[in-house]
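Text of work_28.pdb (PDB, C-alpha atoms) as supplied:
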MODEL        1
ATOM      1  CA  MET A 512      -3.933 -25.702  -4.347
ATOM      2  CA  TYR A 513      -0.370 -24.691  -3.524
ATOM      3  CA  LYS A 514      -0.876 -22.089  -6.254
ATOM      4  CA  ILE A 515      -2.661 -19.896  -3.708
ATOM      5  CA  ILE A 516       0.477 -19.766  -1.574
ATOM      6  CA  GLU A 517       2.805 -19.544  -4.569
ATOM      7  CA  GLN A 518       0.901 -16.558  -5.994
ATOM      8  CA  ASP A 519       0.807 -14.850  -2.610
ATOM      9  CA  VAL A 520       4.552 -15.377  -2.226
ATOM     10  CA  GLU A 521       5.251 -14.087  -5.724
ATOM     11  CA  ASP A 522       3.349 -10.906  -4.861
ATOM     12  CA  ILE A 523       5.345 -10.525  -1.628
ATOM     13  CA  ILE A 524       8.668 -10.983  -3.386
ATOM     14  CA  ASN A 525       7.760  -8.358  -5.974
ATOM     15  CA  LYS A 526       7.163  -5.833  -3.171
ATOM     16  CA  ILE A 527      10.231  -6.445  -0.969
ATOM     17  CA  ASN A 528      13.970  -5.906  -1.514
ATOM     18  CA  PHE A 529      15.517  -9.152  -0.226
ATOM     19  CA  THR A 530      19.155  -8.388  -1.070
ATOM     20  CA  GLN A 531      20.083  -8.303   2.637
ATOM     21  CA  LEU A 532      19.691 -12.091   2.619
ATOM     22  CA  GLU A 533      22.327 -12.626  -0.068
ATOM     23  CA  ASN A 534      25.015 -15.096   1.108
ATOM     24  CA  LYS A 535      23.457 -15.065   4.592
ATOM     25  CA  SER A 536      21.962 -17.628   6.965
ATOM     26  CA  ILE A 537      18.479 -17.487   8.446
ATOM     27  CA  LEU A 538      16.634 -19.499  11.094
ATOM     28  CA  ILE A 539      12.827 -19.663  11.174
ATOM     29  CA  THR A 540      11.237 -21.123  14.312
ATOM     30  CA  GLY A 541       7.682 -22.388  14.171
ATOM     31  CA  ALA A 542       8.351 -23.217  10.534
ATOM     32  CA  SER A 543       5.289 -25.421  10.041
ATOM     33  CA  GLY A 544       2.743 -22.882  11.341
ATOM     34  CA  ILE A 545       0.880 -20.542   9.029
ATOM     35  CA  ILE A 546       3.487 -17.793   9.497
ATOM     36  CA  GLY A 547       6.390 -20.199   9.119
ATOM     37  CA  VAL A 548       4.911 -21.776   5.998
ATOM     38  CA  TYR A 549       4.761 -18.424   4.216
ATOM     39  CA  LEU A 550       8.227 -17.388   5.402
ATOM     40  CA  MET A 551       9.650 -20.710   4.224
ATOM     41  CA  SER A 552       7.828 -20.397   0.901
ATOM     42  CA  CYS A 553       9.461 -17.012   0.352
ATOM     43  CA  LEU A 554      12.872 -18.498   1.138
ATOM     44  CA  LYS A 555      12.263 -21.457  -1.169
ATOM     45  CA  ARG A 556      11.618 -19.014  -3.979
ATOM     46  CA  LEU A 557      14.756 -16.956  -3.174
ATOM     47  CA  TYR A 558      17.423 -19.251  -1.756
ATOM     48  CA  LYS A 559      19.170 -20.258  -4.996
ATOM     49  CA  ASN A 560      19.513 -16.808  -6.505
ATOM     50  CA  LEU A 561      20.639 -15.279  -3.204
ATOM     51  CA  ASN A 562      22.634 -18.266  -1.927
ATOM     52  CA  ILE A 563      20.770 -18.325   1.395
ATOM     53  CA  LYS A 564      21.425 -20.977   4.057
ATOM     54  CA  VAL A 565      17.993 -21.774   5.446
ATOM     55  CA  TYR A 566      17.236 -23.485   8.766
ATOM     56  CA  ALA A 567      13.692 -24.444   9.778
ATOM     57  CA  TRP A 568      12.854 -25.373  13.369
ATOM     58  CA  THR A 569       9.590 -27.232  13.798
ATOM     59  CA  LYS A 570       8.482 -29.477  16.647
ATOM     60  CA  SER A 571       6.160 -31.605  14.539
ATOM     61  CA  GLU A 572       6.738 -33.480  11.323
ATOM     62  CA  ILE A 573       5.831 -31.493   8.229
ATOM     63  CA  ASP A 574       2.154 -31.989   7.406
ATOM     64  CA  GLU A 575       1.591 -33.944   4.186
ATOM     65  CA  ASN A 576      -0.411 -31.045   2.776
ATOM     66  CA  LEU A 577       2.596 -28.746   3.277
ATOM     67  CA  SER A 578       5.497 -31.072   2.445
ATOM     68  CA  SER A 579       6.181 -29.740  -1.059
ATOM     69  CA  LEU A 580       6.674 -26.247   0.381
ATOM     70  CA  PHE A 581       9.728 -27.571   2.264
ATOM     71  CA  ASP A 582      11.143 -29.484  -0.695
ATOM     72  CA  PHE A 583      14.361 -27.522  -1.181
ATOM     73  CA  ASP A 584      17.916 -27.371   0.131
ATOM     74  CA  LEU A 585      17.444 -26.490   3.785
ATOM     75  CA  THR A 586      18.186 -27.842   7.247
ATOM     76  CA  ILE A 587      15.119 -28.967   9.227
ATOM     77  CA  ILE A 588      15.363 -29.284  13.009
ATOM     78  CA  ASN A 589      12.575 -31.598  14.207
ATOM     79  CA  GLU A 590      12.874 -31.007  17.940
ATOM     80  CA  ASP A 591      10.913 -29.421  20.765
ATOM     81  CA  ILE A 592      12.251 -25.872  20.833
ATOM     82  CA  THR A 593      11.940 -25.712  24.619
ATOM     83  CA  ASP A 594      14.882 -28.160  24.594
ATOM     84  CA  ILE A 595      16.996 -25.691  22.621
ATOM     85  CA  ILE A 596      19.736 -25.597  25.260
ATOM     86  CA  ASN A 597      20.510 -29.236  24.400
ATOM     87  CA  TYR A 598      21.063 -28.414  20.718
ATOM     88  CA  LYS A 599      22.517 -24.911  20.625
ATOM     89  CA  GLU A 600      26.104 -26.205  20.679
ATOM     90  CA  THR A 601      25.447 -27.942  17.345
ATOM     91  CA  LEU A 602      23.947 -24.859  15.702
ATOM     92  CA  PRO A 603      25.842 -22.071  13.924
ATOM     93  CA  LEU A 604      25.387 -18.384  14.560
ATOM     94  CA  PHE A 605      22.812 -16.819  12.256
ATOM     95  CA  ASP A 606      22.597 -13.584  10.293
ATOM     96  CA  PHE A 607      18.808 -13.497  10.679
ATOM     97  CA  ILE A 608      16.398 -15.168  13.094
ATOM     98  CA  ILE A 609      12.616 -14.950  13.045
ATOM     99  CA  HIS A 610      11.113 -16.383  16.223
ATOM    100  CA  ALA A 611       7.616 -17.417  15.174
ATOM    101  CA  ALA A 612       7.329 -20.565  17.311
ATOM    102  CA  GLY A 613       4.509 -20.803  19.791
ATOM    103  CA  TYR A 614       0.896 -21.728  20.276
ATOM    104  CA  GLY A 615      -1.078 -19.236  18.218
ATOM    105  CA  GLN A 616      -4.388 -21.005  18.800
ATOM    106  CA  PRO A 617      -5.987 -19.996  22.121
ATOM    107  CA  GLY A 618      -7.048 -23.564  22.816
ATOM    108  CA  LYS A 619      -3.445 -24.715  22.436
ATOM    109  CA  PHE A 620      -1.819 -22.121  24.667
ATOM    110  CA  LEU A 621      -4.500 -22.621  27.312
ATOM    111  CA  GLU A 622      -3.610 -26.329  27.342
ATOM    112  CA  ASN A 623       0.166 -25.772  27.290
ATOM    113  CA  LYS A 624       0.706 -22.893  29.695
ATOM    114  CA  ILE A 625       4.220 -23.706  30.905
ATOM    115  CA  LYS A 626       5.587 -24.380  27.420
ATOM    116  CA  THR A 627       3.902 -21.199  26.193
ATOM    117  CA  ILE A 628       5.864 -19.206  28.759
ATOM    118  CA  GLU A 629       9.104 -21.070  28.002
ATOM    119  CA  ILE A 630       8.887 -20.518  24.247
ATOM    120  CA  ASN A 631       8.578 -16.777  24.715
ATOM    121  CA  THR A 632      11.131 -16.356  27.507
ATOM    122  CA  SER A 633      13.979 -18.840  28.003
ATOM    123  CA  VAL A 634      13.869 -19.940  24.357
ATOM    124  CA  THR A 635      13.986 -16.307  23.220
ATOM    125  CA  ILE A 636      17.131 -15.756  25.300
ATOM    126  CA  GLU A 637      18.869 -18.786  23.802
ATOM    127  CA  LEU A 638      17.858 -17.831  20.261
ATOM    128  CA  ILE A 639      19.193 -14.287  20.576
ATOM    129  CA  LYS A 640      22.487 -15.790  21.768
ATOM    130  CA  LEU A 641      22.622 -17.570  18.389
ATOM    131  CA  LEU A 642      22.510 -14.241  16.530
ATOM    132  CA  LYS A 643      25.693 -12.936  14.928
ATOM    133  CA  PRO A 644      26.946  -9.600  16.329
ATOM    134  CA  ASP A 645      25.632  -7.744  13.268
ATOM    135  CA  GLY A 646      22.598 -10.005  12.814
ATOM    136  CA  LYS A 647      18.907  -9.112  12.879
ATOM    137  CA  PHE A 648      16.204 -10.723  15.016
ATOM    138  CA  LEU A 649      12.406 -10.526  14.725
ATOM    139  CA  PHE A 650      10.302 -11.471  17.752
ATOM    140  CA  ILE A 651       6.684 -12.255  16.915
ATOM    141  CA  SER A 652       4.669 -10.850  19.787
ATOM    142  CA  THR A 653       0.908 -10.405  20.058
ATOM    143  CA  SER A 654      -1.858  -7.830  20.233
ATOM    144  CA  GLU A 655      -3.067  -9.718  23.328
ATOM    145  CA  LEU A 656      -0.637  -7.519  25.269
ATOM    146  CA  TYR A 657      -3.388  -4.923  24.997
ATOM    147  CA  SER A 658      -5.912  -7.152  26.801
ATOM    148  CA  GLY A 659      -7.986  -5.228  29.315
ATOM    149  CA  LEU A 660      -8.000  -1.962  27.384
ATOM    150  CA  ASP A 661     -11.409  -0.597  26.474
ATOM    151  CA  SER A 662     -10.287   1.407  23.463
ATOM    152  CA  ASP A 663     -10.140   1.291  19.689
ATOM    153  CA  PHE A 664      -7.171   1.576  17.310
ATOM    154  CA  ILE A 665      -4.647   0.831  20.036
ATOM    155  CA  LYS A 666      -1.155   2.227  19.452
ATOM    156  CA  GLU A 667       2.194   0.628  20.281
ATOM    157  CA  GLU A 668       2.760   3.026  23.179
ATOM    158  CA  GLU A 669      -0.216   1.569  25.065
ATOM    159  CA  ILE A 670      -0.238  -1.633  27.109
ATOM    160  CA  GLY A 671      -2.912  -3.857  28.625
ATOM    161  CA  ASN A 672      -3.916  -4.111  32.264
ATOM    162  CA  THR A 673      -4.750  -7.770  32.851
ATOM    163  CA  LYS A 674      -3.540  -9.484  36.008
ATOM    164  CA  THR A 675      -1.068 -12.355  36.189
ATOM    165  CA  ASN A 676      -3.907 -14.758  37.079
ATOM    166  CA  HIS A 677      -5.832 -13.903  33.904
ATOM    167  CA  PRO A 678      -6.961 -17.095  32.090
ATOM    168  CA  ARG A 679      -4.652 -16.257  29.165
ATOM    169  CA  ALA A 680      -1.795 -14.940  31.314
ATOM    170  CA  SER A 681       0.668 -17.605  30.142
ATOM    171  CA  TYR A 682       0.402 -16.187  26.641
ATOM    172  CA  ILE A 683       0.033 -12.500  27.524
ATOM    173  CA  GLU A 684       2.748 -12.384  30.191
ATOM    174  CA  GLY A 685       5.005 -14.759  28.248
ATOM    175  CA  LYS A 686       4.967 -12.382  25.276
ATOM    176  CA  ARG A 687       5.331  -9.355  27.543
ATOM    177  CA  CYS A 688       8.416 -10.905  29.172
ATOM    178  CA  GLY A 689       9.701 -11.882  25.727
ATOM    179  CA  GLU A 690       9.534  -8.237  24.714
ATOM    180  CA  ALA A 691      11.376  -7.230  27.908
ATOM    181  CA  ILE A 692      14.085  -9.761  27.034
ATOM    182  CA  CYS A 693      14.366  -8.253  23.558
ATOM    183  CA  HIS A 694      14.739  -4.746  25.000
ATOM    184  CA  SER A 695      17.425  -5.982  27.386
ATOM    185  CA  PHE A 696      19.459  -7.360  24.486
ATOM    186  CA  ILE A 697      18.820  -4.196  22.467
ATOM    187  CA  SER A 698      20.453  -2.233  25.288
ATOM    188  CA  GLU A 699      23.526  -4.411  24.715
ATOM    189  CA  GLY A 700      23.644  -3.568  21.017
ATOM    190  CA  LYS A 701      21.543  -6.314  19.401
ATOM    191  CA  ASN A 702      19.381  -5.428  16.388
ATOM    192  CA  ILE A 703      15.946  -6.709  17.383
ATOM    193  CA  LYS A 704      12.488  -5.820  16.159
ATOM    194  CA  ILE A 705       9.153  -6.711  17.792
ATOM    195  CA  ALA A 706       5.983  -7.329  15.781
ATOM    196  CA  ARG A 707       2.721  -7.451  17.736
ATOM    197  CA  LEU A 708       0.575  -9.598  15.481
ATOM    198  CA  CYS A 709      -3.202  -9.392  15.431
ATOM    199  CA  LEU A 710      -5.246 -12.202  13.847
ATOM    200  CA  ALA A 711      -3.527 -13.540  10.755
ATOM    201  CA  TYR A 712      -5.603 -15.801   8.521
ATOM    202  CA  GLY A 713      -5.278 -17.504   5.169
ATOM    203  CA  ALA A 714      -3.912 -20.575   3.411
ATOM    204  CA  GLY A 715      -1.232 -22.803   4.953
ATOM    205  CA  THR A 716      -3.064 -23.932   8.074
ATOM    206  CA  LYS A 717      -3.434 -27.560   9.191
ATOM    207  CA  LYS A 718      -6.561 -29.593   9.797
ATOM    208  CA  ASN A 719      -8.558 -28.941  12.971
ATOM    209  CA  ASP A 720      -7.082 -25.488  13.550
ATOM    210  CA  ASN A 721      -9.427 -24.170  16.242
ATOM    211  CA  ARG A 722      -9.047 -20.447  15.625
ATOM    212  CA  VAL A 723     -12.467 -18.912  15.066
ATOM    213  CA  LEU A 724     -12.336 -18.310  11.314
ATOM    214  CA  ASN A 725     -10.897 -21.736  10.500
ATOM    215  CA  SER A 726     -13.346 -23.412  12.863
ATOM    216  CA  LEU A 727     -16.302 -21.713  11.160
ATOM    217  CA  ILE A 728     -15.128 -22.814   7.721
ATOM    218  CA  GLN A 729     -14.555 -26.367   8.960
ATOM    219  CA  LYS A 730     -18.090 -26.472  10.356
ATOM    220  CA  ALA A 731     -19.449 -25.252   7.031
ATOM    221  CA  ILE A 732     -17.517 -27.954   5.173
ATOM    222  CA  GLN A 733     -18.326 -30.843   7.486
ATOM    223  CA  ASN A 734     -21.764 -30.046   8.973
ATOM    224  CA  ASP A 735     -25.209 -29.107   7.781
ATOM    225  CA  LYS A 736     -25.108 -25.844   9.751
ATOM    226  CA  ILE A 737     -22.655 -23.426  11.366
ATOM    227  CA  GLN A 738     -23.145 -23.577  15.113
ATOM    228  CA  LEU A 739     -21.729 -20.586  17.005
ATOM    229  CA  MET A 740     -20.445 -20.920  20.560
ATOM    230  CA  ASP A 741     -22.011 -17.604  21.614
ATOM    231  CA  SER A 742     -23.824 -14.605  20.142
ATOM    232  CA  GLY A 743     -20.872 -13.741  17.890
ATOM    233  CA  ASN A 744     -20.879 -10.075  18.902
ATOM    234  CA  ALA A 745     -17.104  -9.949  19.481
ATOM    235  CA  ILE A 746     -15.322  -7.678  16.981
ATOM    236  CA  ARG A 747     -12.145  -8.783  15.208
ATOM    237  CA  THR A 748      -9.788  -7.118  12.719
ATOM    238  CA  TYR A 749      -8.236  -9.712  10.445
ATOM    239  CA  CYS A 750      -5.103  -9.512   8.314
ATOM    240  CA  TYR A 751      -4.529 -11.831   5.377
ATOM    241  CA  ILE A 752      -1.319 -13.821   5.766
ATOM    242  CA  ALA A 753       0.373 -12.392   2.657
ATOM    243  CA  ASP A 754      -0.003  -8.866   4.075
ATOM    244  CA  VAL A 755       1.334 -10.081   7.433
ATOM    245  CA  ILE A 756       4.436 -11.606   5.870
ATOM    246  CA  GLU A 757       5.115  -8.507   3.772
ATOM    247  CA  MET A 758       4.973  -6.436   6.970
ATOM    248  CA  PHE A 759       7.300  -8.841   8.798
ATOM    249  CA  TRP A 760       9.986  -8.709   6.108
ATOM    250  CA  ASN A 761       9.803  -4.911   5.911
ATOM    251  CA  ILE A 762      10.097  -4.565   9.685
ATOM    252  CA  LEU A 763      13.002  -7.029   9.902
ATOM    253  CA  PHE A 764      15.011  -5.480   7.076
ATOM    254  CA  PHE A 765      14.144  -1.800   7.198
ATOM    255  CA  GLY A 766      12.228  -0.967  10.385
ATOM    256  CA  LYS A 767      13.342   2.295  12.031
ATOM    257  CA  HIS A 768      11.474   1.601  15.265
ATOM    258  CA  THR A 769      11.619  -1.310  17.702
ATOM    259  CA  THR A 770       7.947  -2.216  18.124
ATOM    260  CA  TYR A 771       5.212  -2.396  15.488
ATOM    261  CA  ASN A 772       1.582  -3.411  15.464
ATOM    262  CA  VAL A 773       0.982  -5.868  12.628
ATOM    263  CA  GLY A 774      -2.633  -6.276  11.636
ATOM    264  CA  GLY A 775      -5.237  -5.684   9.007
ATOM    265  CA  VAL A 776      -7.944  -3.226   8.095
ATOM    266  CA  SER A 777     -10.920  -5.611   7.822
ATOM    267  CA  LYS A 778     -13.092  -5.074  10.907
ATOM    268  CA  ILE A 779     -15.904  -7.591  11.334
ATOM    269  CA  SER A 780     -17.914  -9.328  14.050
ATOM    270  CA  ILE A 781     -17.750 -13.083  14.422
ATOM    271  CA  LEU A 782     -21.467 -13.295  13.603
ATOM    272  CA  GLU A 783     -21.012 -11.277  10.395
ATOM    273  CA  MET A 784     -18.079 -13.505   9.445
ATOM    274  CA  ALA A 785     -20.126 -16.653  10.091
ATOM    275  CA  GLU A 786     -22.974 -15.295   7.975
ATOM    276  CA  MET A 787     -20.572 -14.567   5.087
ATOM    277  CA  ILE A 788     -19.324 -18.153   5.247
ATOM    278  CA  GLY A 789     -22.889 -19.423   5.557
ATOM    279  CA  ARG A 790     -23.906 -17.638   2.358
ATOM    280  CA  ILE A 791     -20.943 -19.081   0.458
ATOM    281  CA  PHE A 792     -21.752 -22.638   1.574
ATOM    282  CA  ASP A 793     -25.531 -22.160   1.712
ATOM    283  CA  LYS A 794     -25.539 -23.175   5.372
ATOM    284  CA  ASP A 795     -27.586 -21.732   8.218
ATOM    285  CA  VAL A 796     -25.857 -20.002  11.139
ATOM    286  CA  VAL A 797     -27.204 -21.038  14.532
ATOM    287  CA  ILE A 798     -26.788 -18.866  17.629
ATOM    288  CA  PRO A 799     -27.067 -20.770  20.948
ATOM    289  CA  LEU A 800     -29.656 -19.825  23.556
ATOM    290  CA  ASN A 801     -26.904 -19.990  26.184
ATOM    291  CA  ASP A 802     -24.363 -17.216  25.594
ATOM    292  CA  ASN A 803     -21.809 -18.492  28.129
ATOM    293  CA  ASN A 804     -19.719 -20.729  25.890
ATOM    294  CA  GLU A 805     -17.072 -18.269  24.709
ATOM    295  CA  LEU A 806     -13.435 -19.184  25.276
ATOM    296  CA  GLU A 807     -12.297 -18.065  28.717
ATOM    297  CA  GLY A 808     -10.662 -14.642  28.751
ATOM    298  CA  SER A 809     -11.371 -13.973  25.079
ATOM    299  CA  PRO A 810     -11.394 -10.222  24.320
ATOM    300  CA  LYS A 811     -14.596  -8.532  23.138
ATOM    301  CA  ILE A 812     -12.833  -6.202  20.705
ATOM    302  CA  VAL A 813      -9.523  -6.713  18.904
ATOM    303  CA  ASN A 814      -8.672  -3.636  16.839
ATOM    304  CA  ILE A 815      -5.172  -2.157  16.776
ATOM    305  CA  SER A 816      -3.673   0.828  14.981
ATOM    306  CA  ILE A 817      -1.100   0.061  12.277
ATOM    307  CA  GLN A 818      -0.586   3.747  11.478
ATOM    308  CA  LYS A 819       3.095   3.649  12.469
ATOM    309  CA  TYR A 820       3.745   0.979   9.836
ATOM    310  CA  LEU A 821       1.590   2.695   7.200
ATOM    311  CA  ASP A 822       3.396   6.003   7.675
ATOM    312  CA  GLU A 823       6.923   4.581   7.707
ATOM    313  CA  PHE A 824       6.526   2.297   4.701
ATOM    314  CA  LYS A 825       4.249   4.637   2.715
ATOM    315  CA  LYS A 826       1.365   2.166   2.604
ATOM    316  CA  ASN A 827      -2.359   2.769   2.247
ATOM    317  CA  VAL A 828      -5.393   0.879   3.490
ATOM    318  CA  SER A 829      -6.173   0.060  -0.153
ATOM    319  CA  ASP A 830      -2.900  -1.890  -0.402
ATOM    320  CA  PHE A 831      -4.271  -4.625   1.886
ATOM    321  CA  ILE A 832      -6.100  -7.676   0.596
ATOM    322  CA  PRO A 833      -9.833  -7.201   1.325
ATOM    323  CA  PHE A 834     -11.435  -9.713   3.659
ATOM    324  CA  SER A 835     -13.823 -10.989   0.985
ATOM    325  CA  LEU A 836     -10.896 -12.013  -1.248
ATOM    326  CA  GLY A 837      -8.802 -13.375   1.616
ATOM    327  CA  LEU A 838     -11.786 -15.409   2.791
ATOM    328  CA  GLN A 839     -12.198 -16.949  -0.666
ATOM    329  CA  ARG A 840      -8.549 -18.052  -0.657
ATOM    330  CA  THR A 841      -8.845 -19.382   2.880
ATOM    331  CA  ILE A 842     -11.921 -21.417   1.988
ATOM    332  CA  GLN A 843     -10.167 -22.828  -1.073
ATOM    333  CA  TRP A 844      -7.290 -23.958   1.136
ATOM    334  CA  GLN A 845      -9.619 -25.470   3.750
ATOM    335  CA  LYS A 846     -11.481 -27.401   1.048
ATOM    336  CA  PHE A 847      -8.127 -28.711  -0.158
ATOM    337  CA  ILE A 848      -6.941 -29.972   3.230
ATOM    338  CA  TYR A 849     -10.327 -31.573   3.968
ATOM    339  CA  LYS A 850     -10.438 -33.021   0.427
ATOM    340  CA  LYS A 851     -13.744 -31.385  -0.442
TER     341      LYS A 851
ENDMDL
END
Same coordinates, now as structure tokens:
Amino acid sequence: MYKIIEQDVEDIINKINFTQLENKSILITGASGIIGVYLMSCLKRLYKNLNIKVYAWTKSEIDENLSSLFDFDLTIINEDITDIINYKETLPLFDFIIHAAGYGQPGKFLENKIKTIEINTSVTIELIKLLKPDGKFLFISTSELYSGLDSDFIKEEEIGNTKTNHPRASYIEGKRCGEAICHSFISEGKNIKIARLCLAYGAGTKKNDNRVLNSLIQKAIQNDKIQLMDSGNAIRTYCYIADVIEMFWNILFFGKHTTYNVGGVSKISILEMAEMIGRIFDKDVVIPLNDNNELEGSPKIVNISIQKYLDEFKKNVSDFIPFSLGLQRTIQWQKFIYKK
């Protein structure tokens, strides 16, 4: 089943010029998350030919389903990244750093509010201090910065209007402060790019990932029906992980701007998504009578504009993997990790 990831990575490598990594060092934080897994898989494919020194920072042990993706000559740091100040003296300076660590699942960042803030603020400061003077840094931010806006196709120049006591404030304000930190270092000459990610999905996730799409697939695999938490009217725009990673590498290496929206072109409601999965598994979708079970603070519409990226990198909507195909690959991966 690793072939899904390997083929995705091969496609990414064929689209990107990676020569900037030749004879360089790179640190990936959050290396065992879905983003980290794909970044590491790219580096595994490239490191010998380009003589790359690869460092992977991951709090948890590598999941058994992902272990072969880390089976190459790299340095793994199995530590809590919020303790980075205790380890930075033992680390070298890096040519490239991609800060992808954090709690991407809403349930996780709602349970770990203080660490969520730390990862995006104090940890970001310490990581940027590990960047070589001519190095490049990519901060993975979030489209949740736009929370509170009642608009469609939100551009990078806009910003949300939620309060600091919002249920998801630890994530929203942590990322917002992380961006402010990045801009402060940029003013001192650092080369830093910010990618506001919106709803990545695909292979490379772990069991019991509680993000909506993965949860729906898990229910379809393990239960006789797909039970929704609410009416499913919320609108989401998903981006398949291979497209996300291609965008990240382009922004890191060649981006002319500081901040980019990173997202997809597949707009769908949660109910429509559940019904697609239900048809594939021949399972009924059940909507609860009580519509008050949605995750606290969850936005009704998530739909950002990626026009800046499309224009700069001469991309078209047709270049993105359609949701129907990405969903098939995601289901294949979920069946693999649940041994179905």
When the PyMOL selection byres ((chain A and resi 540-555) around 9) is applied to the file above, which residues end up in the set, as a PyMOL selection string?
chain A and resi 516-517+519-521+523-524+538-539+556-559+563+565-574+577+580-585+587+592+608-613+615+711-717+752-753+755-756+760
Please tabulate, as JSON lines, the residues of stretch 608-668 of chain A that come within 9 Å of stretch 770-784 of chain A, each with its closest pair of atoms and the distance in Å to one decimal, counting all atoms listed in the file and ordering rows by chain, then residue number upward.
{"residue": "A:Thr653", "atom": "CA", "partner": "A:Asn772", "partner_atom": "CA", "distance": 8.4}
{"residue": "A:Ser654", "atom": "CA", "partner": "A:Asn772", "partner_atom": "CA", "distance": 7.4}
{"residue": "A:Ile665", "atom": "CA", "partner": "A:Asn772", "partner_atom": "CA", "distance": 8.8}
{"residue": "A:Lys666", "atom": "CA", "partner": "A:Asn772", "partner_atom": "CA", "distance": 7.4}
{"residue": "A:Glu667", "atom": "CA", "partner": "A:Asn772", "partner_atom": "CA", "distance": 6.3}
{"residue": "A:Glu668", "atom": "CA", "partner": "A:Thr770", "partner_atom": "CA", "distance": 8.9}
A:Gln839: which residues within 12 Å, counting only C-alpha atoms, same-chain residues fewer than 2 positions away excluded, as a ChimeraX atom specification?
/A:515,712-714,728,751,787-788,791-792,832-837,841-846
Using only C-alpha atoms, determine which residues lie at most 6 Å from stretch 674-691 of chain A, disregarding the query and same-chain residues fewer than 3 positions distant; provide the list as a PyMOL selection string.
chain A and resi 624+628+631-632+652+655-656+694+808
Nearest residue to A:Thr635 out of A:Ser578, A:Thr593, A:Asn528, A:Ser658, using all atoms listed in the file?
A:Thr593
